[in-house]
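J.: What follows is upload19.csv, CSV, C-alpha atoms and all ligand atoms.
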chain,number,residue,atom,x,y,z
A,1,MET,CA,-37.6,1.9,-13.1
A,2,ASN,CA,-35.8,-1.0,-14.8
A,3,ILE,CA,-32.6,0.0,-16.5
A,4,ASP,CA,-29.9,-1.7,-18.6
A,5,ILE,CA,-26.3,-0.8,-17.7
A,6,VAL,CA,-24.0,-1.0,-20.8
A,7,GLN,CA,-20.2,-0.7,-20.6
A,8,ILE,CA,-18.7,1.2,-23.5
A,9,PRO,CA,-16.2,-1.0,-25.4
A,10,LEU,CA,-12.8,0.7,-25.5
A,11,PRO,CA,-11.8,2.0,-29.0
A,12,HIS,CA,-9.1,-0.2,-30.7
A,13,SER,CA,-7.7,3.0,-32.3
A,14,ALA,CA,-8.4,6.6,-32.8
A,15,GLU,CA,-9.3,5.8,-36.4
A,16,ALA,CA,-12.1,3.4,-35.5
A,17,PRO,CA,-15.7,4.5,-35.9
A,18,VAL,CA,-17.1,6.2,-32.8
A,19,ASP,CA,-19.4,3.8,-31.0
A,20,PRO,CA,-22.9,5.3,-30.6
A,21,LEU,CA,-22.6,4.6,-26.8
A,22,TYR,CA,-20.2,7.6,-26.8
A,23,GLU,CA,-23.1,9.7,-28.2
A,24,ALA,CA,-25.3,8.5,-25.3
A,25,TYR,CA,-22.5,9.3,-22.8
A,26,ALA,CA,-22.0,12.8,-24.2
A,27,HIS,CA,-25.8,13.3,-24.2
A,28,VAL,CA,-26.1,12.9,-20.4
A,29,SER,CA,-22.8,14.7,-19.7
A,30,ARG,CA,-24.0,17.7,-21.8
A,31,ALA,CA,-27.4,17.7,-20.1
A,32,GLU,CA,-25.7,18.0,-16.7
A,33,ASP,CA,-23.5,20.9,-17.9
A,34,ILE,CA,-26.5,22.8,-19.3
A,35,HIS,CA,-28.4,22.1,-16.1
A,36,PHE,CA,-25.6,23.2,-13.8
A,37,TYR,CA,-23.7,25.9,-15.7
A,38,GLY,CA,-26.4,27.1,-18.0
A,39,ASN,CA,-24.1,26.9,-21.0
A,40,ASP,CA,-22.0,24.4,-23.0
A,41,ASP,CA,-18.6,26.0,-22.4
A,42,LEU,CA,-17.2,22.9,-20.6
A,43,VAL,CA,-18.9,20.2,-22.6
A,44,SER,CA,-17.0,17.4,-24.3
A,45,ASP,CA,-18.7,15.7,-27.3
A,46,ALA,CA,-18.8,12.0,-28.2
A,47,ARG,CA,-15.6,12.2,-30.3
A,48,GLU,CA,-13.6,13.9,-27.6
A,49,TYR,CA,-14.5,11.2,-25.0
A,50,PHE,CA,-13.7,8.6,-27.7
A,51,ILE,CA,-10.2,10.1,-28.4
A,52,GLU,CA,-9.6,10.3,-24.7
A,53,ASP,CA,-10.2,6.6,-24.4
A,54,ALA,CA,-8.4,5.6,-27.6
A,55,ASN,CA,-5.0,5.7,-25.8
A,56,GLN,CA,-4.9,3.9,-22.5
A,57,LYS,CA,-1.2,4.2,-21.9
A,58,TYR,CA,-1.4,6.8,-19.1
A,59,GLN,CA,-4.9,6.2,-17.9
A,60,ARG,CA,-7.2,3.2,-18.0
A,61,THR,CA,-10.8,4.3,-18.3
A,62,ALA,CA,-14.1,2.5,-17.9
A,63,ARG,CA,-17.4,4.1,-18.9
A,64,TRP,CA,-21.0,2.9,-18.6
A,65,VAL,CA,-24.3,4.2,-19.9
A,66,ALA,CA,-27.7,3.4,-18.4
A,67,PHE,CA,-30.8,3.2,-20.5
A,68,PRO,CA,-34.5,2.4,-19.8
A,69,ALA,CA,-34.7,-1.4,-20.2
A,70,GLY,CA,-34.6,-2.5,-23.8
A,71,GLU,CA,-33.7,1.0,-25.2
A,72,ARG,CA,-30.4,2.1,-26.8
A,73,ALA,CA,-31.1,5.4,-28.6
A,74,PRO,CA,-28.4,7.8,-27.4
A,75,GLU,CA,-30.9,10.5,-26.5
A,76,ARG,CA,-32.7,8.1,-24.3
A,77,ALA,CA,-29.7,7.5,-22.0
A,78,VAL,CA,-30.7,8.2,-18.3
A,79,ALA,CA,-27.3,8.1,-16.5
A,80,ILE,CA,-23.6,7.6,-17.0
A,81,ALA,CA,-20.7,6.5,-14.9
A,82,ALA,CA,-16.9,6.6,-15.4
A,83,ILE,CA,-13.8,5.5,-13.6
A,84,ASP,CA,-10.3,6.7,-14.4
A,85,TYR,CA,-7.4,4.6,-13.2
A,86,PRO,CA,-4.1,6.4,-13.6
A,87,VAL,CA,-1.4,4.1,-14.9
A,88,ALA,CA,1.8,6.0,-15.2
A,89,ASP,CA,1.7,7.2,-11.6
A,90,ASN,CA,-0.8,7.3,-8.7
A,91,THR,CA,-1.6,3.6,-9.1
A,92,HIS,CA,-3.3,3.6,-5.7
A,93,LEU,CA,-6.0,6.0,-7.0
A,94,ALA,CA,-9.3,5.8,-8.9
A,95,TYR,CA,-11.4,8.7,-9.9
A,96,THR,CA,-15.2,8.0,-10.2
A,97,TRP,CA,-18.0,10.0,-11.6
A,98,ILE,CA,-21.8,9.2,-11.8
A,99,VAL,CA,-24.3,11.5,-13.3
A,100,THR,CA,-28.0,10.9,-13.6
A,101,HIS,CA,-29.7,12.9,-16.4
A,102,PRO,CA,-31.4,15.9,-14.7
A,103,GLU,CA,-34.8,14.7,-15.9
A,104,TRP,CA,-34.4,11.3,-14.3
A,105,ARG,CA,-33.1,12.2,-10.9
A,106,SER,CA,-34.4,10.9,-7.5
A,107,GLN,CA,-35.7,7.7,-9.0
A,108,GLY,CA,-33.0,5.4,-7.7
A,109,ILE,CA,-30.9,5.3,-10.9
A,110,ALA,CA,-27.6,6.2,-9.4
A,111,THR,CA,-28.2,3.7,-6.7
A,112,ALA,CA,-28.9,1.1,-9.3
A,113,LEU,CA,-25.5,1.9,-11.0
A,114,LEU,CA,-23.5,1.7,-7.9
A,115,PRO,CA,-22.9,-2.1,-7.7
A,116,THR,CA,-21.4,-2.1,-11.2
A,117,ILE,CA,-19.0,0.7,-10.2
A,118,GLU,CA,-18.1,-0.8,-6.9
A,119,GLU,CA,-17.4,-4.2,-8.5
A,120,SER,CA,-14.9,-2.5,-11.0
A,121,LEU,CA,-13.3,-0.7,-8.1
A,122,ARG,CA,-12.9,-3.8,-6.0
A,123,HIS,CA,-11.3,-5.7,-8.9
A,124,SER,CA,-8.9,-2.8,-9.5
A,125,GLY,CA,-7.4,-3.1,-6.0
A,126,ARG,CA,-7.1,0.7,-5.8
A,127,THR,CA,-7.3,2.0,-2.3
A,128,THR,CA,-8.1,5.7,-2.6
A,129,ILE,CA,-11.2,6.8,-4.5
A,130,GLN,CA,-11.6,10.5,-5.4
A,131,VAL,CA,-14.6,12.3,-6.8
A,132,TRP,CA,-14.7,15.9,-8.1
A,133,SER,CA,-18.2,17.3,-8.1
A,134,ASN,CA,-19.9,20.6,-8.9
A,135,HIS,CA,-21.7,22.6,-6.2
A,136,SER,CA,-23.4,25.9,-6.0
A,137,PRO,CA,-21.7,28.4,-3.7
A,138,TYR,CA,-23.1,28.1,-0.2
A,139,ARG,CA,-22.9,30.4,2.8
A,140,GLY,CA,-25.4,28.7,5.2
A,141,GLU,CA,-24.2,28.1,8.8
A,142,ASP,CA,-24.9,24.4,8.4
A,143,GLY,CA,-22.5,24.2,5.5
A,144,LEU,CA,-20.3,21.1,5.2
A,145,GLU,CA,-16.7,22.5,5.6
A,146,ALA,CA,-13.9,21.1,3.6
A,147,LYS,CA,-11.3,19.4,5.8
A,148,SER,CA,-8.7,21.8,4.4
A,149,GLY,CA,-10.6,24.5,6.3
A,150,VAL,CA,-11.3,26.5,3.2
A,151,GLY,CA,-14.7,26.4,1.4
A,152,ARG,CA,-18.0,24.7,2.1
A,153,VAL,CA,-20.9,23.1,0.3
A,154,ASN,CA,-24.6,22.7,1.0
A,155,PRO,CA,-25.0,19.3,2.8
A,156,ALA,CA,-28.6,19.0,1.5
A,157,GLU,CA,-27.5,19.1,-2.1
A,158,PRO,CA,-28.1,15.7,-3.8
A,159,SER,CA,-24.5,15.3,-4.7
A,160,ALA,CA,-23.3,16.1,-1.2
A,161,ARG,CA,-25.9,13.9,0.4
A,162,TRP,CA,-25.0,11.0,-2.0
A,163,LEU,CA,-21.3,11.2,-1.4
A,164,THR,CA,-21.5,11.6,2.3
A,165,ALA,CA,-23.8,8.6,2.6
A,166,LEU,CA,-21.3,6.6,0.6
A,167,GLY,CA,-18.6,7.5,3.1
A,168,TYR,CA,-16.7,10.1,1.1
A,169,GLU,CA,-15.1,13.1,3.0
A,170,LEU,CA,-14.9,16.6,1.6
A,171,GLU,CA,-11.1,17.2,1.7
A,172,GLN,CA,-10.8,20.3,-0.4
A,173,THR,CA,-12.8,22.8,-2.4
A,174,GLU,CA,-11.8,24.7,-5.6
A,175,ARG,CA,-13.2,28.0,-6.6
A,176,HIS,CA,-14.4,27.9,-10.2
A,177,SER,CA,-14.2,31.5,-11.5
A,178,VAL,CA,-15.1,33.0,-14.9
A,179,LEU,CA,-13.7,36.1,-16.6
A,180,ASP,CA,-16.0,37.7,-19.1
A,181,ILE,CA,-13.5,38.9,-21.7
A,182,PRO,CA,-13.9,42.6,-22.2
A,183,ALA,CA,-14.5,44.0,-25.7
A,184,ASP,CA,-11.4,45.0,-27.7
A,185,ASP,CA,-11.9,48.8,-27.1
A,186,ASP,CA,-12.5,48.3,-23.3
A,187,PRO,CA,-9.9,50.1,-21.2
A,188,TRP,CA,-9.3,46.8,-19.5
A,189,TRP,CA,-7.0,45.8,-22.3
A,190,ARG,CA,-4.9,49.0,-21.8
A,191,GLU,CA,-4.6,48.3,-18.1
A,192,LEU,CA,-3.6,44.7,-18.9
A,193,ARG,CA,-0.9,45.9,-21.3
A,194,ALA,CA,0.4,48.4,-18.7
A,195,ARG,CA,0.4,45.7,-16.0
A,196,ARG,CA,2.3,43.3,-18.2
A,197,GLU,CA,4.9,45.9,-18.9
A,198,LYS,CA,5.3,46.7,-15.3
A,199,ASP,CA,5.5,42.9,-14.4
A,200,ALA,CA,8.1,42.3,-17.2
A,201,ALA,CA,10.2,45.2,-15.7
A,202,THR,CA,10.0,43.7,-12.2
A,203,ALA,CA,11.0,40.3,-13.6
A,204,GLY,CA,13.9,41.9,-15.3
A,205,ALA,CA,16.4,40.7,-18.0
A,206,LEU,CA,16.9,37.3,-16.3
A,207,TYR,CA,13.6,36.1,-17.7
A,208,GLU,CA,12.1,36.0,-21.2
A,209,LEU,CA,8.8,34.9,-22.5
A,210,VAL,CA,8.4,32.0,-24.9
A,211,GLN,CA,5.0,31.4,-26.6
A,212,TRP,CA,3.5,28.8,-28.8
A,213,GLN,CA,0.2,27.6,-30.3
A,214,GLY,CA,-0.8,23.9,-30.5
A,215,ALA,CA,1.8,21.3,-29.9
A,216,THR,CA,4.8,21.9,-27.7
A,217,PRO,CA,7.9,22.5,-29.7
A,218,PRO,CA,10.2,19.4,-29.4
A,219,GLU,CA,13.0,21.5,-27.7
A,220,SER,CA,10.6,22.6,-24.9
A,221,ARG,CA,9.0,19.2,-24.1
A,222,GLU,CA,11.6,18.1,-21.6
A,223,ASP,CA,11.4,21.4,-19.6
A,224,TYR,CA,7.6,21.4,-19.8
A,225,ALA,CA,7.5,17.8,-18.5
A,226,ARG,CA,9.6,18.7,-15.5
A,227,LEU,CA,7.4,21.7,-14.7
A,228,ARG,CA,4.2,19.6,-15.0
A,229,GLU,CA,5.7,17.1,-12.5
A,230,ARG,CA,6.4,19.9,-10.0
A,231,MET,CA,2.9,21.4,-10.6
A,232,SER,CA,1.2,18.1,-9.8
A,233,VAL,CA,2.5,18.2,-6.2
A,234,ASP,CA,3.2,21.9,-5.6
A,235,ALA,CA,-0.4,23.1,-6.0
A,236,PRO,CA,-2.2,22.8,-2.7
A,237,ASP,CA,-4.0,19.5,-2.5
A,238,ALA,CA,-5.0,19.4,1.2
A,239,ASP,CA,-5.1,15.7,2.3
A,240,LEU,CA,-6.0,14.4,-1.1
A,241,ASP,CA,-3.8,11.4,-1.4
A,242,PHE,CA,-2.0,12.3,-4.6
A,243,GLU,CA,1.6,11.5,-5.6
A,244,GLU,CA,3.8,13.4,-8.1
A,245,GLU,CA,2.8,12.7,-11.7
A,246,LYS,CA,5.4,11.2,-14.1
A,247,TRP,CA,5.8,13.2,-17.3
A,248,ASP,CA,8.4,12.9,-20.0
A,249,GLU,CA,8.7,14.1,-23.6
A,250,GLU,CA,6.7,11.2,-25.0
A,251,ARG,CA,3.8,11.8,-22.7
A,252,ILE,CA,3.8,15.5,-23.6
A,253,ALA,CA,3.8,14.7,-27.3
A,254,ASP,CA,1.0,12.1,-26.8
A,255,ARG,CA,-1.1,14.7,-24.9
A,256,ASP,CA,-0.5,17.3,-27.6
A,257,ALA,CA,-1.5,14.8,-30.3
A,258,ARG,CA,-4.7,14.0,-28.5
A,259,THR,CA,-5.5,17.7,-28.0
A,260,ALA,CA,-5.3,18.2,-31.7
A,261,GLU,CA,-7.3,15.1,-32.5
A,262,MET,CA,-10.0,16.2,-30.1
A,263,GLY,CA,-10.3,19.4,-32.2
A,264,ARG,CA,-9.0,21.7,-29.4
A,265,GLY,CA,-7.1,24.9,-29.8
A,266,ALA,CA,-4.2,25.5,-27.3
A,267,ILE,CA,-1.9,28.3,-26.5
A,268,MET,CA,1.0,28.5,-24.1
A,269,THR,CA,3.0,31.3,-22.6
A,270,ALA,CA,6.2,30.1,-20.7
A,271,VAL,CA,9.1,31.9,-19.1
A,272,ARG,CA,12.7,31.0,-19.8
A,273,HIS,CA,15.3,31.7,-17.2
A,274,VAL,CA,18.0,33.2,-19.4
A,275,PRO,CA,21.2,32.3,-17.5
A,276,SER,CA,20.3,28.6,-17.3
A,277,GLY,CA,18.2,28.4,-20.5
A,278,ILE,CA,15.4,26.4,-18.9
A,279,LEU,CA,11.7,27.1,-18.7
A,280,VAL,CA,10.6,28.0,-15.1
A,281,ALA,CA,6.9,29.1,-15.5
A,282,TYR,CA,4.0,28.5,-17.8
A,283,SER,CA,0.3,29.2,-18.3
A,284,GLU,CA,-1.9,27.3,-20.8
A,285,LEU,CA,-5.4,27.9,-22.3
A,286,TYR,CA,-7.5,25.5,-24.3
A,287,TRP,CA,-10.8,25.6,-26.2
A,288,PRO,CA,-12.9,23.4,-28.5
A,289,LEU,CA,-12.4,24.8,-32.0
A,290,GLU,CA,-16.1,24.2,-32.8
A,291,ARG,CA,-17.2,26.2,-29.7
A,292,PRO,CA,-14.5,28.9,-29.4
A,293,ALA,CA,-16.5,31.2,-26.9
A,294,GLY,CA,-15.7,29.2,-23.8
A,295,VAL,CA,-12.0,28.9,-23.0
A,296,TRP,CA,-10.4,26.8,-20.2
A,297,GLN,CA,-7.5,27.9,-18.1
A,298,PHE,CA,-5.5,24.9,-17.2
A,299,ASP,CA,-2.2,25.1,-15.3
A,300,THR,CA,-0.5,28.3,-14.3
A,301,PHE,CA,2.8,27.4,-12.5
A,302,VAL,CA,6.0,29.1,-11.4
A,303,HIS,CA,8.8,26.9,-10.2
A,304,GLY,CA,9.5,27.4,-6.5
A,305,GLU,CA,13.0,28.8,-7.0
A,306,HIS,CA,11.6,31.6,-9.2
A,307,ARG,CA,8.6,32.8,-7.3
A,308,GLY,CA,8.2,36.4,-6.1
A,309,HIS,CA,9.2,38.0,-9.5
A,310,ARG,CA,5.6,38.6,-10.8
A,311,LEU,CA,6.2,35.7,-13.3
A,312,GLY,CA,2.7,34.2,-12.5
A,313,ALA,CA,0.9,37.5,-13.3
A,314,LEU,CA,3.2,38.0,-16.3
A,315,VAL,CA,2.5,34.6,-18.0
A,316,LYS,CA,-1.3,35.0,-17.4
A,317,ALA,CA,-1.4,38.5,-18.9
A,318,ALA,CA,0.7,37.6,-21.9
A,319,ASN,CA,-1.4,34.5,-22.6
A,320,LEU,CA,-4.6,36.6,-22.5
A,321,GLN,CA,-3.2,38.9,-25.1
A,322,LEU,CA,-2.2,35.9,-27.2
A,323,LEU,CA,-5.6,34.4,-26.9
A,324,ARG,CA,-7.2,37.6,-28.3
A,325,GLU,CA,-5.1,37.2,-31.4
A,326,VAL,CA,-5.4,33.5,-31.9
A,327,ASN,CA,-9.1,33.1,-30.9
A,328,PRO,CA,-10.9,36.4,-31.4
A,329,LEU,CA,-14.2,34.6,-30.8
A,330,SER,CA,-13.4,33.8,-27.2
A,331,GLN,CA,-15.9,35.3,-24.7
A,332,ARG,CA,-15.3,33.7,-21.4
A,333,ILE,CA,-12.4,32.0,-19.5
A,334,HIS,CA,-13.0,29.4,-16.9
A,335,THR,CA,-10.5,28.7,-14.2
A,336,TRP,CA,-10.3,26.6,-11.0
A,337,ASN,CA,-8.2,27.3,-8.0
A,338,ALA,CA,-7.8,25.7,-4.6
A,339,GLY,CA,-9.5,28.0,-2.0
A,340,GLU,CA,-6.2,28.1,-0.1
A,341,ASN,CA,-4.1,29.1,-3.2
A,342,GLU,CA,-4.1,32.7,-2.2
A,343,HIS,CA,-1.4,34.0,-4.6
A,344,MET,CA,-3.1,32.5,-7.7
A,345,LEU,CA,-6.6,33.7,-6.5
A,346,ALA,CA,-5.2,37.2,-6.0
A,347,ILE,CA,-3.8,37.3,-9.5
A,348,ASN,CA,-7.2,36.1,-10.9
A,349,VAL,CA,-9.3,38.6,-8.9
A,350,GLU,CA,-7.0,41.4,-10.1
A,351,LEU,CA,-7.7,40.3,-13.7
A,352,GLY,CA,-11.5,40.4,-13.1
A,353,PHE,CA,-12.3,36.7,-12.6
A,354,ALA,CA,-15.5,36.3,-10.6
A,355,PRO,CA,-16.5,33.2,-8.5
A,356,ARG,CA,-19.2,31.1,-10.2
A,357,SER,CA,-19.3,27.7,-8.6
A,358,VAL,CA,-17.5,25.4,-6.2
A,359,GLU,CA,-15.8,22.1,-7.0
A,360,GLY,CA,-15.6,19.6,-4.2
A,361,GLY,CA,-12.7,17.2,-3.9
A,362,TRP,CA,-14.0,14.2,-2.1
A,363,GLN,CA,-12.1,11.2,-1.0
A,364,LYS,CA,-12.7,7.7,0.5
A,365,ARG,CA,-10.1,5.2,1.4
A,366,VAL,CA,-10.9,1.5,1.1
A,367,ALA,CA,-9.0,-1.5,2.5
A,368,PRO,CA,-7.0,-3.4,-0.1
A,369,PRO,CA,-8.8,-6.6,-1.2
A,370,ALA,CA,-7.9,-9.7,0.8
A,371,LEU,CA,-5.6,-12.1,-1.1
A,401,LIG,C1,-26.0,12.7,-7.1
A,401,LIG,C2,-26.7,12.1,-8.3
A,401,LIG,C3,-25.8,11.2,-9.0
A,401,LIG,C4,-27.9,11.2,-7.7
A,401,LIG,O1,-28.5,10.5,-8.8
A,401,LIG,P1,-30.0,10.0,-8.6
A,401,LIG,O2,-30.3,9.0,-9.7
A,401,LIG,O3,-31.0,11.1,-8.5
A,401,LIG,O4,-29.9,9.2,-7.2
A,401,LIG,P2,-30.9,8.2,-6.5
A,401,LIG,O5,-32.3,8.4,-6.8
A,401,LIG,O6,-30.3,6.8,-6.7
A,401,LIG,O7,-30.6,8.6,-5.0
A,401,LIG,C5,-29.3,8.3,-4.4
A,401,LIG,C6,-29.0,9.4,-3.3
A,401,LIG,O8,-28.8,10.6,-3.9
A,401,LIG,C7,-29.2,11.6,-3.0
A,401,LIG,N1,-30.4,12.3,-3.6
A,401,LIG,C8,-31.1,12.0,-4.7
A,401,LIG,N2,-32.0,12.9,-5.0
A,401,LIG,C9,-31.9,13.8,-4.0
A,401,LIG,C10,-32.7,15.0,-3.7
A,401,LIG,N3,-33.7,15.4,-4.5
A,401,LIG,N4,-32.3,15.8,-2.6
A,401,LIG,C11,-31.2,15.3,-1.9
A,401,LIG,N5,-30.5,14.2,-2.1
A,401,LIG,C12,-30.9,13.5,-3.1
A,401,LIG,C13,-29.7,10.9,-1.8
A,401,LIG,O9,-28.5,10.8,-0.9
A,401,LIG,C14,-30.1,9.6,-2.3
A,401,LIG,O10,-30.1,8.6,-1.4
A,401,LIG,P3,-31.5,8.3,-0.5
A,401,LIG,O11,-32.5,8.1,-1.6
A,401,LIG,O12,-31.2,7.1,0.3
A,401,LIG,O13,-31.7,9.6,0.3
A,401,LIG,C15,-27.4,13.1,-9.2
A,401,LIG,O14,-28.0,14.1,-8.4
A,401,LIG,C16,-26.5,13.8,-10.1
A,401,LIG,O15,-26.2,13.3,-11.2
A,401,LIG,N6,-25.9,15.0,-9.8
A,401,LIG,C17,-24.9,15.6,-10.6
A,401,LIG,C18,-23.6,14.8,-10.8
A,401,LIG,C19,-23.0,14.6,-9.4
A,401,LIG,O16,-22.8,15.5,-8.6
A,401,LIG,N7,-22.6,13.3,-9.1
A,401,LIG,C20,-22.1,13.0,-7.9
A,401,LIG,C21,-20.6,12.9,-7.9
A,401,LIG,S1,-20.1,11.4,-8.7
Any chance you could give the structure as structure tokens?
Ligand SMILES: CC(C)(COP(=O)(O)OP(=O)(O)OC[C@H]1O[C@@H](n2cnc3c(N)ncnc32)[C@H](O)[C@@H]1OP(=O)(O)O)[C@@H](O)C(=O)NCCC(=O)NCCS

T.:
Amino acid sequence: MNIDIVQIPLPHSAEAPVDPLYEAYAHVSRAEDIHFYGNDDLVSDAREYFIEDANQKYQRTARWVAFPAGERAPERAVAIAAIDYPVADNTHLAYTWIVTHPEWRSQGIATALLPTIEESLRHSGRTTIQVWSNHSPYRGEDGLEAKSGVGRVNPAEPSARWLTALGYELEQTERHSVLDIPADDDPWWRELRARREKDAATAGALYELVQWQGATPPESREDYARLRERMSVDAPDADLDFEEEKWDEERIADRDARTAEMGRGAIMTAVRHVPSGILVAYSELYWPLERPAGVWQFDTFVHGEHRGHRLGALVKAANLQLLREVNPLSQRIHTWNAGENEHMLAINVELGFAPRSVEGGWQKRVAPPAL
């Protein structure tokens, strides 16, 4: 079929009107989520993508939408593509993403989008391209093993076939797990409380919990920035070519402001090391305020010098209790862990998280462009 590929103009400011191309982008992205996950827990709407793009200080983003030739109605969009170019760190990297609307697949649309994406990548001069893609769990003997040695995907799946044909290698897999939050009167909550008390006793008086909702308090931004930097390289990343992220107070404040503008709720449980007064562990949960049922677990991290004191389990349990108070409509929590991250997986399994899908971390290295 003939398609038109339209690049979405970047917003001049977060106050500008939302370009209808963002509606088209969100339409395809949502269709893929419903198709793959069966719910809209992880969906972003047009305004959320728009806000994400309104500040290009830490990341430069390019997005495209494909329509049948001559059409522009958002609900007629047939495919989308995006490239994120980190700016503050990892300037060798580009993340790409192409999705064909589930009703329009296997008709050559992704293939037709490819030259546009490749031209942008060539101009960028980035030498490592990474793609994170969703896969169904697969146990077949012909499974494509991640190079990390943990996890596999079905090589016949369209996404795996497409990426392999383009020269990407499956470096790592992450396990996506979901916790169906038990009802308030379920004994699970009693067990969680007991576990939290036991873990707090193991951690002892050297550590205390600090919790907040929404934006990071100014006095905690510096500590949180340091922890995020460590998290970015301490979590197992196999051979994915990833450097330490650069975080400072300003970037934390910017990220918090955008979270609020996107209409997302956020809670944080951190741990302060009492003798030094600094934060040494944290766990954070987010959700769209308009769709409070599906909650996203982002980082959980314990600084290397403070591991082995049950702080990881403690921050997670305390954050779950806080979630129940702040967002009583929450029903499910989604989390992602590297298959080789045994400690984190053990904590999640203990809490009742069950595996749902696999995220593949694919990578391709390209030669720098000739001068
Ligand atoms: C992967 C995806 C983008 C392909 O889109 P598409 O428009 O159907 O792709 P095309 O028709 O242009 O086909 C391109 C290639 O995709 C793969 N593919 C497409 N349909 C397939 C099918 N039914 N079974 C297996 N592979 C298939 C093949 O490798 C195909 O190349 P070939 O025709 O030379 O065999 C699409 O399946 C999709 O959106 N998946 C979900 C998002 C995703 O995983 N994106 C990939 C990571 S960026």

J.: Which distance in Å separates CA of Tyr25 (chain A) and CA of Asp241 (chain A), to one decimal?

T.: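 Distance between the two atoms: 28.5 Å.
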
J.: So what do you get for CA of Met268 (chain A) versus CA of Arg226 (chain A), distance-wise?

T.: 15.6 Å

J.: So, with all atoms listed in the file as the atoms that count, which of A:Gly70, A:Gly312, A:Pro328, A:Gly360 lies closest to ligand LIG 401 (chain A)?

T.: A:Gly360

J.: Neighbouring residues of Arg47 (chain A) were defined as those with any atom within 9 Å, considering all atoms listed in the file; residues of the same chain fewer than 6 positions away were excluded. Please report them as a list in words.

T.: Val18, Tyr22, Glu23, Ala26 and Met262 of chain A

J.: Kindly assemble as JSON lines a list of the region 204-238 of chain A residues that lie within 12 Å of region 140-163 of chain A, each paired with its nearest atom pair and their distance in Å to one decimal, using all atoms listed in the file, sorted first by chain and then by ascending residue number.

T.:
{"residue": "A:Pro236", "atom": "CA", "partner": "A:Ser148", "partner_atom": "CA", "distance": 9.7}
{"residue": "A:Asp237", "atom": "CA", "partner": "A:Ser148", "partner_atom": "CA", "distance": 8.7}
{"residue": "A:Ala238", "atom": "CA", "partner": "A:Ser148", "partner_atom": "CA", "distance": 5.4}

J.: How would you write, as a CSV table (one decimal) with C-alpha atoms, in the coordinates of the input, the set of residues no farther than 7 Å from ligand LIG 401 (chain A) when counting all atoms listed in the file?

T.:
chain,number,residue,atom,x,y,z
A,32,GLU,CA,-25.7,18.0,-16.7
A,96,THR,CA,-15.2,8.0,-10.2
A,97,TRP,CA,-18.0,10.0,-11.6
A,98,ILE,CA,-21.8,9.2,-11.8
A,99,VAL,CA,-24.3,11.5,-13.3
A,100,THR,CA,-28.0,10.9,-13.6
A,101,HIS,CA,-29.7,12.9,-16.4
A,102,PRO,CA,-31.4,15.9,-14.7
A,104,TRP,CA,-34.4,11.3,-14.3
A,105,ARG,CA,-33.1,12.2,-10.9
A,106,SER,CA,-34.4,10.9,-7.5
A,107,GLN,CA,-35.7,7.7,-9.0
A,108,GLY,CA,-33.0,5.4,-7.7
A,109,ILE,CA,-30.9,5.3,-10.9
A,110,ALA,CA,-27.6,6.2,-9.4
A,111,THR,CA,-28.2,3.7,-6.7
A,112,ALA,CA,-28.9,1.1,-9.3
A,131,VAL,CA,-14.6,12.3,-6.8
A,132,TRP,CA,-14.7,15.9,-8.1
A,133,SER,CA,-18.2,17.3,-8.1
A,134,ASN,CA,-19.9,20.6,-8.9
A,156,ALA,CA,-28.6,19.0,1.5
A,157,GLU,CA,-27.5,19.1,-2.1
A,158,PRO,CA,-28.1,15.7,-3.8
A,159,SER,CA,-24.5,15.3,-4.7
A,161,ARG,CA,-25.9,13.9,0.4
A,162,TRP,CA,-25.0,11.0,-2.0
A,163,LEU,CA,-21.3,11.2,-1.4
A,165,ALA,CA,-23.8,8.6,2.6

J.: Report as a list in words all protein, DNA and RNA residues lying within 10 Å of Leu206 (chain A), evaluated on only C-alpha atoms, omitting residues in the same chain fewer than 3 positions from it.

T.: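 The contact residues come out as Ala203, Val271, Arg272, His273, Val274, Pro275, Ser276 and Gly277 of chain A.
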
J.: Would you work out the distance separating CA of His334 (chain A) from CA of Ala346 (chain A), expressed in Å to one decimal?

T.: 15.5 Å

J.: For Ser283 (chain A), find every residue with an atom within 8 Å (counting all atoms listed in the file), except residues of its own chain fewer than 5 positions away, and show them as a PyMOL selection string.

T.: chain A and resi 268-270+297-301+315-316+319

J.: Once you count all atoms listed in the file, what closest atom pair and distance in Å to one decimal does each residue of region 91-157 of chain A within 12 Å of region 242-246 of chain A have, with rows by chain and rising residue number, as a Markdown table?

T.:
| residue | atom | partner | partner_atom | distance |
| --- | --- | --- | --- | --- |
| A:Thr91 | CA | A:Glu243 | CA | 9.2 |
| A:His92 | CA | A:Phe242 | CA | 8.9 |
| A:Leu93 | CA | A:Phe242 | CA | 7.8 |
| A:Ala94 | CA | A:Phe242 | CA | 10.7 |
| A:Tyr95 | CA | A:Phe242 | CA | 11.4 |
| A:Thr127 | CA | A:Phe242 | CA | 11.8 |
| A:Thr128 | CA | A:Phe242 | CA | 9.2 |
| A:Ile129 | CA | A:Phe242 | CA | 10.7 |
| A:Gln130 | CA | A:Phe242 | CA | 9.8 |
